[in-house]
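Novice: Dropping the structure in here first, questions after.
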Amino acid sequence: MKIVDAKVIVCGPGRNFVTLKLTTEDGVHGLGDATLNGRELAVASYLTDHVAPLLVGRDARRIEDTWHYLYKGAYWRGGPVGMTAIGAVDTALWDILGKTLGVPVYQLLGGRSRDGVTVYAHAHGADIDETVESVAAAVARGYKAVRAQSGVPGLPDTYGVAHGGAAYEPAKRGKPPETVWSSERYLESVPRLFEKLRRELGPDLHLLHDVHHRLTPIEAARLGKALEPHHLFWMEDPVPAELQEGYRLIRQHTTTPVAVGEIFSSIHDCDVLIREQLIDYVRASVAHAGGITHLRKIAHLAELHHVRTGCHGASDLSPVCMAAALHFGLSVHNFGIQERMGHTPETEHVFPHAYTFSDGLMHPGEAPGLGVDIDEAAAAKHPYERAYLPVNRKLDGTLHDW
Ligand code: KDG
Ligand code: MG
């Protein structure tokens, strides 16, 4: 079953996406999400200029071998651009295999380990009261788990909070927007948010919060301690994880569970975190961590060390990634939770899909393969427009983590 075509489709239905479409000699096609928010064209070029010529003529069934052929064959291994490209190839090959055998991908991954995939929604507001309302609205839509982000008093913009009731969408056209940051003001307000959420919404709801890499380890330890009475499901990305050992300090001080990894590209970015049990959830995604094949290896290592999965699922990962994440999440034993930020109606239209949501759970559906497609004619109506993620500065102008 030879691959005869490898096409990269770049489109912008409300936001930019890069999709790899592989076609075999039998006319079966598979899709992979190759979107790297803010650096999309680097992956598109990597695939078109360097990977596509290697794929044509290869046997589409050799998924594991193709992964190593691209990873080891590049010599310059790892990194977000290369691993996103490999991830897209890998995902498309699983899609093709499922379609060829007439089964959904989760059946190829060992079958289902649960009835559905628990997902968490995003909620946000300009202040604590608005955020509590937004979380309650997500609960009314059926979610059993909600990530809450609130505006910080005295700061004009805060990570995760959109203005005017719009959905939160960080990437903006033109030069990167600049936001302002104060850890002191943030640390003062977040415990008050979760104190009110627990009081008003009760003990059963899973509450999550994303710190977005902005604290130092000792500040993160302080926040984790302050949040302990409100028993969060997790505190995400409390500090940047380039230094994995930095998490030891947080762990020594707090029992608030920690989730890390949406920017990880490979198992080597999290092996210390997992082996030393410094985190509770690993957030690496199918799109950015080398596809289904490599993410399964991360999950299996994590399983040995009581760490569960919590894959990134922001709106900049396309419905192709969401479908793959759901097959992965339904099958992998140590699944924790899956993020679901949602997509615009234009995106839903460009990527018709079989996955569904009901009562807090998502299911990938029973269509052969991933159960997601791309309507190329619809995609062509939404051309790519360059967009950047914001940068963030402290009150004194120092560049900080966004
Ligand atoms: O492209 C960056 C976004 O995906 C990221 O900021 C979203 O932190 C995020 C999350 O947890 O979904
Ligand atoms: Mg995050």
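In the structure tokens, the first chain shown is A, the next is B, and so on; residue numbers restart at 1 for each chain, and ligands run from 1 in the order shown.
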List all protein, DNA and RNA residues that have an atom no more than 8 Å from any atom of ligand 1, counting only C-alpha atoms and all ligand atoms, and report them as a list in words.

Specialist: Leu36, Asn37, Gly38, Gly160, Pro170, Ala171, Asp210, His212, Glu236, Glu262, His312, Gly313, Ala314, Ser315, Asp316, Leu317, Glu339, Met341 and Leu389 of chain A

Novice: Save out the residues we just selected, N, CA and C atoms, as an mmCIF file, in the first residue's frame.

Specialist:
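Final file, selection-v7.cif:
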data_model
loop_
_atom_site.group_PDB
_atom_site.id
_atom_site.type_symbol
_atom_site.label_atom_id
_atom_site.label_comp_id
_atom_site.auth_asym_id
_atom_site.auth_seq_id
_atom_site.Cartn_x
_atom_site.Cartn_y
_atom_site.Cartn_z
ATOM 1 N N LEU A 36 1.391 24.591 14.202
ATOM 2 C CA LEU A 36 2.229 25.087 15.300
ATOM 3 C C LEU A 36 1.937 26.585 15.395
ATOM 4 N N ASN A 37 1.074 26.925 16.351
ATOM 5 C CA ASN A 37 0.509 28.268 16.429
ATOM 6 C C ASN A 37 1.578 29.357 16.370
ATOM 7 N N GLY A 38 1.437 30.270 15.422
ATOM 8 C CA GLY A 38 2.364 31.389 15.294
ATOM 9 C C GLY A 38 3.602 31.091 14.469
ATOM 10 N N GLY A 160 -5.790 34.109 29.060
ATOM 11 C CA GLY A 160 -6.979 33.262 29.087
ATOM 12 C C GLY A 160 -8.291 34.016 29.174
ATOM 13 N N PRO A 170 -5.776 33.574 21.400
ATOM 14 C CA PRO A 170 -4.583 34.384 21.636
ATOM 15 C C PRO A 170 -3.894 34.931 20.386
ATOM 16 N N ALA A 171 -3.850 34.165 19.269
ATOM 17 C CA ALA A 171 -3.046 34.614 18.124
ATOM 18 C C ALA A 171 -3.736 35.779 17.419
ATOM 19 N N ASP A 210 -4.784 27.444 34.752
ATOM 20 C CA ASP A 210 -3.550 27.490 33.955
ATOM 21 C C ASP A 210 -2.723 28.705 34.374
ATOM 22 N N HIS A 212 0.253 29.244 33.103
ATOM 23 C CA HIS A 212 0.897 29.606 31.830
ATOM 24 C C HIS A 212 2.356 30.027 32.001
ATOM 25 N N GLU A 236 -1.872 24.142 36.251
ATOM 26 C CA GLU A 236 -1.139 23.846 35.008
ATOM 27 C C GLU A 236 0.036 24.791 34.802
ATOM 28 N N GLU A 262 2.157 21.110 27.559
ATOM 29 C CA GLU A 262 1.556 21.407 26.254
ATOM 30 C C GLU A 262 2.601 21.826 25.225
ATOM 31 N N HIS A 312 -3.274 18.610 25.735
ATOM 32 C CA HIS A 312 -3.568 19.949 25.236
ATOM 33 C C HIS A 312 -4.654 19.858 24.154
ATOM 34 N N GLY A 313 -5.637 20.744 24.242
ATOM 35 C CA GLY A 313 -6.699 20.730 23.226
ATOM 36 C C GLY A 313 -7.250 22.124 22.996
ATOM 37 N N ALA A 314 -6.307 23.083 22.854
ATOM 38 C CA ALA A 314 -6.725 24.470 22.608
ATOM 39 C C ALA A 314 -7.252 24.593 21.178
ATOM 40 N N SER A 315 -7.819 25.768 20.852
ATOM 41 C CA SER A 315 -8.428 25.947 19.523
ATOM 42 C C SER A 315 -7.393 25.968 18.411
ATOM 43 N N ASP A 316 -6.098 26.100 18.767
ATOM 44 C CA ASP A 316 -5.071 26.101 17.714
ATOM 45 C C ASP A 316 -4.609 24.684 17.363
ATOM 46 N N LEU A 317 -5.185 23.684 17.999
ATOM 47 C CA LEU A 317 -4.989 22.305 17.530
ATOM 48 C C LEU A 317 -6.265 21.976 16.756
ATOM 49 N N GLU A 339 -8.440 18.341 27.276
ATOM 50 C CA GLU A 339 -8.890 19.731 27.133
ATOM 51 C C GLU A 339 -9.775 19.864 25.886
ATOM 52 N N MET A 341 -11.269 23.223 24.075
ATOM 53 C CA MET A 341 -11.507 24.673 24.044
ATOM 54 C C MET A 341 -12.593 24.999 23.023
ATOM 55 N N LEU A 389 1.304 35.007 18.570
ATOM 56 C CA LEU A 389 0.912 34.972 19.976
ATOM 57 C C LEU A 389 1.444 36.228 20.654
#

Novice: Please identify all protein, DNA and RNA residues within 12 Å of ligand 2, counting only C-alpha atoms and all ligand atoms, and report them as number ranges by chain.

Specialist: A: 122, 147-149, 159-160, 170, 208-214, 234-240, 258-264, 282-285, 310-316, 338-341, 402

Novice: Just how far from atom CA of A:Trp94 is atom CA of A:Ile374, in Å to one decimal?

Specialist: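 One can read the atom CA of A:Ile374 to atom CA of A:Trp94 distance as 16.2 Å.
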
Novice: Fewer than 4 positions away in the same chain doesn't count, so skip those; otherwise give me all residues within 9 Å of stretch 268-272 of chain A, counting only C-alpha atoms, as a ChimeraX atom specification.

Specialist: /A:241-242,244-245,260-261,264,276-278,282,298,301-302

Novice: Give the helix (DSSP H, G or I) residues of stretch 244-362 of chain A, as assigned by DSSP on the backbone, as number ranges by chain.

Specialist: A: 244-253, 267-269, 271-275, 291-304, 319-331, 345-350

Novice: Rounded to one decimal in Å, what is the spacing between atom CA of A:Asp90 and atom CA of A:Ile292?

Specialist: 6.7 Å

Novice: Give me the residues within 10 Å of stretch 222-226 of chain A as a VMD selection string, counting only C-alpha atoms and dropping any in the same chain fewer than 5 places off.

Specialist: chain A and resid 186 to 188 190 to 192 194 to 195 211 215 to 217 231 to 232 234 to 235 238 250 to 251 253 to 258

Novice: Among the residues of stretch 325-391 of chain A, find those DSSP assigns to strand (DSSP E) from the backbone and print them as a PyMOL selection string.

Specialist: chain A and resi 338-339+356-358+361-363+387-388+391

Novice: Tell me, in Å to one decimal, how far atom CA of A:Pro390 is from atom CA of A:Glu178.

Specialist: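 About the pair atom CA of A:Pro390 and atom CA of A:Glu178: they are 5.6 Å apart.
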
Novice: Report as CSV the residues of stretch 96-117 of chain A within 6 Å of stretch 351-370 of chain A, each with its shortest atom pair and distance in Å (one decimal), using only C-alpha atoms, ordered by chain and increasing residue number.

Specialist:
residue,atom,partner,partner_atom,distance
A:Gly98,CA,A:Gly369,CA,3.9
A:Lys99,CA,A:Gly369,CA,4.6
A:Gly102,CA,A:Pro368,CA,5.0
A:Val103,CA,A:Pro368,CA,4.4
A:Pro104,CA,A:Pro368,CA,4.3
A:Val105,CA,A:Gly369,CA,5.0
A:Gly116,CA,A:His363,CA,5.3
A:Val117,CA,A:Met362,CA,5.0

Novice: From the options A:Thr91, A:Asn16, A:Thr100, A:Gln252, which residue's atoms come nearest to A:His382, counting only C-alpha atoms?

Specialist: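 Smallest distance to A:His382 is found for A:Asn16.
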
Novice: Go through A:Ala44, A:Ala289, A:Val28, A:Ala379 one by one, measure the shortest atom-to-atom distance of each to A:Tyr71 using only C-alpha atoms, and give the residue with the smallest value.

Specialist: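 That would be A:Ala289, the residue with the smallest distance to A:Tyr71.
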
Novice: Can you pull out the residues contacting A:Val286? Cut-off 7 Å, using only C-alpha atoms, and skip same-chain residues under 2 positions away; I want them as a list in words.

Specialist: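 Skipping anything fewer than 2 positions along the chain leaves Gly87, His288, Ala289, Gly290, Gly291, Ile292, Leu295, Cys321, Ala324 and Ala325 of chain A.
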
Novice: Selection from above, N, CA, C and O atoms, as a PDB file, in the first residue's frame, can you write it?

Specialist:
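Written file, out.pdb:
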ATOM      1  N   GLY A  87       4.690  14.185  13.739  1.00  0.00           N
ATOM      2  CA  GLY A  87       3.388  13.866  14.347  1.00  0.00           C
ATOM      3  C   GLY A  87       2.275  13.842  13.303  1.00  0.00           C
ATOM      4  O   GLY A  87       1.378  12.993  13.353  1.00  0.00           O
ATOM      5  N   HIS A 288       1.868  17.914  18.710  1.00  0.00           N
ATOM      6  CA  HIS A 288       3.184  18.525  18.950  1.00  0.00           C
ATOM      7  C   HIS A 288       4.218  17.562  19.518  1.00  0.00           C
ATOM      8  O   HIS A 288       5.387  17.937  19.656  1.00  0.00           O
ATOM      9  N   ALA A 289       3.806  16.356  19.885  1.00  0.00           N
ATOM     10  CA  ALA A 289       4.756  15.418  20.483  1.00  0.00           C
ATOM     11  C   ALA A 289       4.861  14.137  19.657  1.00  0.00           C
ATOM     12  O   ALA A 289       4.820  13.025  20.181  1.00  0.00           O
ATOM     13  N   GLY A 290       4.979  14.325  18.345  1.00  0.00           N
ATOM     14  CA  GLY A 290       5.354  13.184  17.506  1.00  0.00           C
ATOM     15  C   GLY A 290       4.252  12.210  17.151  1.00  0.00           C
ATOM     16  O   GLY A 290       4.534  11.069  16.777  1.00  0.00           O
ATOM     17  N   GLY A 291       2.980  12.650  17.292  1.00  0.00           N
ATOM     18  CA  GLY A 291       1.883  11.798  16.823  1.00  0.00           C
ATOM     19  C   GLY A 291       1.440  10.762  17.840  1.00  0.00           C
ATOM     20  O   GLY A 291       1.906  10.718  18.983  1.00  0.00           O
ATOM     21  N   ILE A 292       0.538   9.905  17.384  1.00  0.00           N
ATOM     22  CA  ILE A 292      -0.042   8.882  18.272  1.00  0.00           C
ATOM     23  C   ILE A 292       1.060   7.917  18.740  1.00  0.00           C
ATOM     24  O   ILE A 292       1.117   7.539  19.915  1.00  0.00           O
ATOM     25  N   LEU A 295       3.250   9.681  21.452  1.00  0.00           N
ATOM     26  CA  LEU A 295       2.469  10.036  22.646  1.00  0.00           C
ATOM     27  C   LEU A 295       2.127   8.784  23.457  1.00  0.00           C
ATOM     28  O   LEU A 295       2.081   8.823  24.685  1.00  0.00           O
ATOM     29  N   CYS A 321      -6.474  16.922  15.155  1.00  0.00           N
ATOM     30  CA  CYS A 321      -5.785  16.584  16.407  1.00  0.00           C
ATOM     31  C   CYS A 321      -6.805  16.161  17.459  1.00  0.00           C
ATOM     32  O   CYS A 321      -6.574  15.194  18.204  1.00  0.00           O
ATOM     33  N   ALA A 324      -7.811  12.619  16.886  1.00  0.00           N
ATOM     34  CA  ALA A 324      -6.729  11.701  17.271  1.00  0.00           C
ATOM     35  C   ALA A 324      -6.620  11.617  18.795  1.00  0.00           C
ATOM     36  O   ALA A 324      -6.423  10.533  19.363  1.00  0.00           O
ATOM     37  N   ALA A 325      -6.757  12.774  19.464  1.00  0.00           N
ATOM     38  CA  ALA A 325      -6.669  12.793  20.930  1.00  0.00           C
ATOM     39  C   ALA A 325      -7.771  11.948  21.554  1.00  0.00           C
ATOM     40  O   ALA A 325      -7.566  11.295  22.585  1.00  0.00           O
TER      41      ALA A 325
END

Novice: Pick out the residues sitting within 6 Å of stretch 394-397 of chain A, and hand them over as a PDB file with N, CA, C and O atoms, in the first residue's frame; count only C-alpha atoms, and ignore anything fewer than 2 positions along from it in its own chain.

Specialist:
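Once everything was written out, this is part_18.pdb:
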ATOM      1  N   VAL A 180       0.664  42.913  30.018  1.00  0.00           N
ATOM      2  CA  VAL A 180       1.430  43.356  31.195  1.00  0.00           C
ATOM      3  C   VAL A 180       1.186  42.371  32.333  1.00  0.00           C
ATOM      4  O   VAL A 180       0.081  41.859  32.491  1.00  0.00           O
ATOM      5  N   TRP A 181       2.223  42.155  33.127  1.00  0.00           N
ATOM      6  CA  TRP A 181       2.133  41.111  34.136  1.00  0.00           C
ATOM      7  C   TRP A 181       2.623  41.563  35.503  1.00  0.00           C
ATOM      8  O   TRP A 181       3.617  42.285  35.614  1.00  0.00           O
ATOM      9  N   SER A 182       1.922  41.073  36.540  1.00  0.00           N
ATOM     10  CA  SER A 182       2.385  41.262  37.916  1.00  0.00           C
ATOM     11  C   SER A 182       2.081  39.989  38.698  1.00  0.00           C
ATOM     12  O   SER A 182       0.911  39.674  38.949  1.00  0.00           O
TER      13      SER A 182
END

Novice: Which is closer to A:Asn392 than all the others in A:Leu54, A:Leu155, A:Phe17, A:Leu108, using only C-alpha atoms?

Specialist: A:Leu155
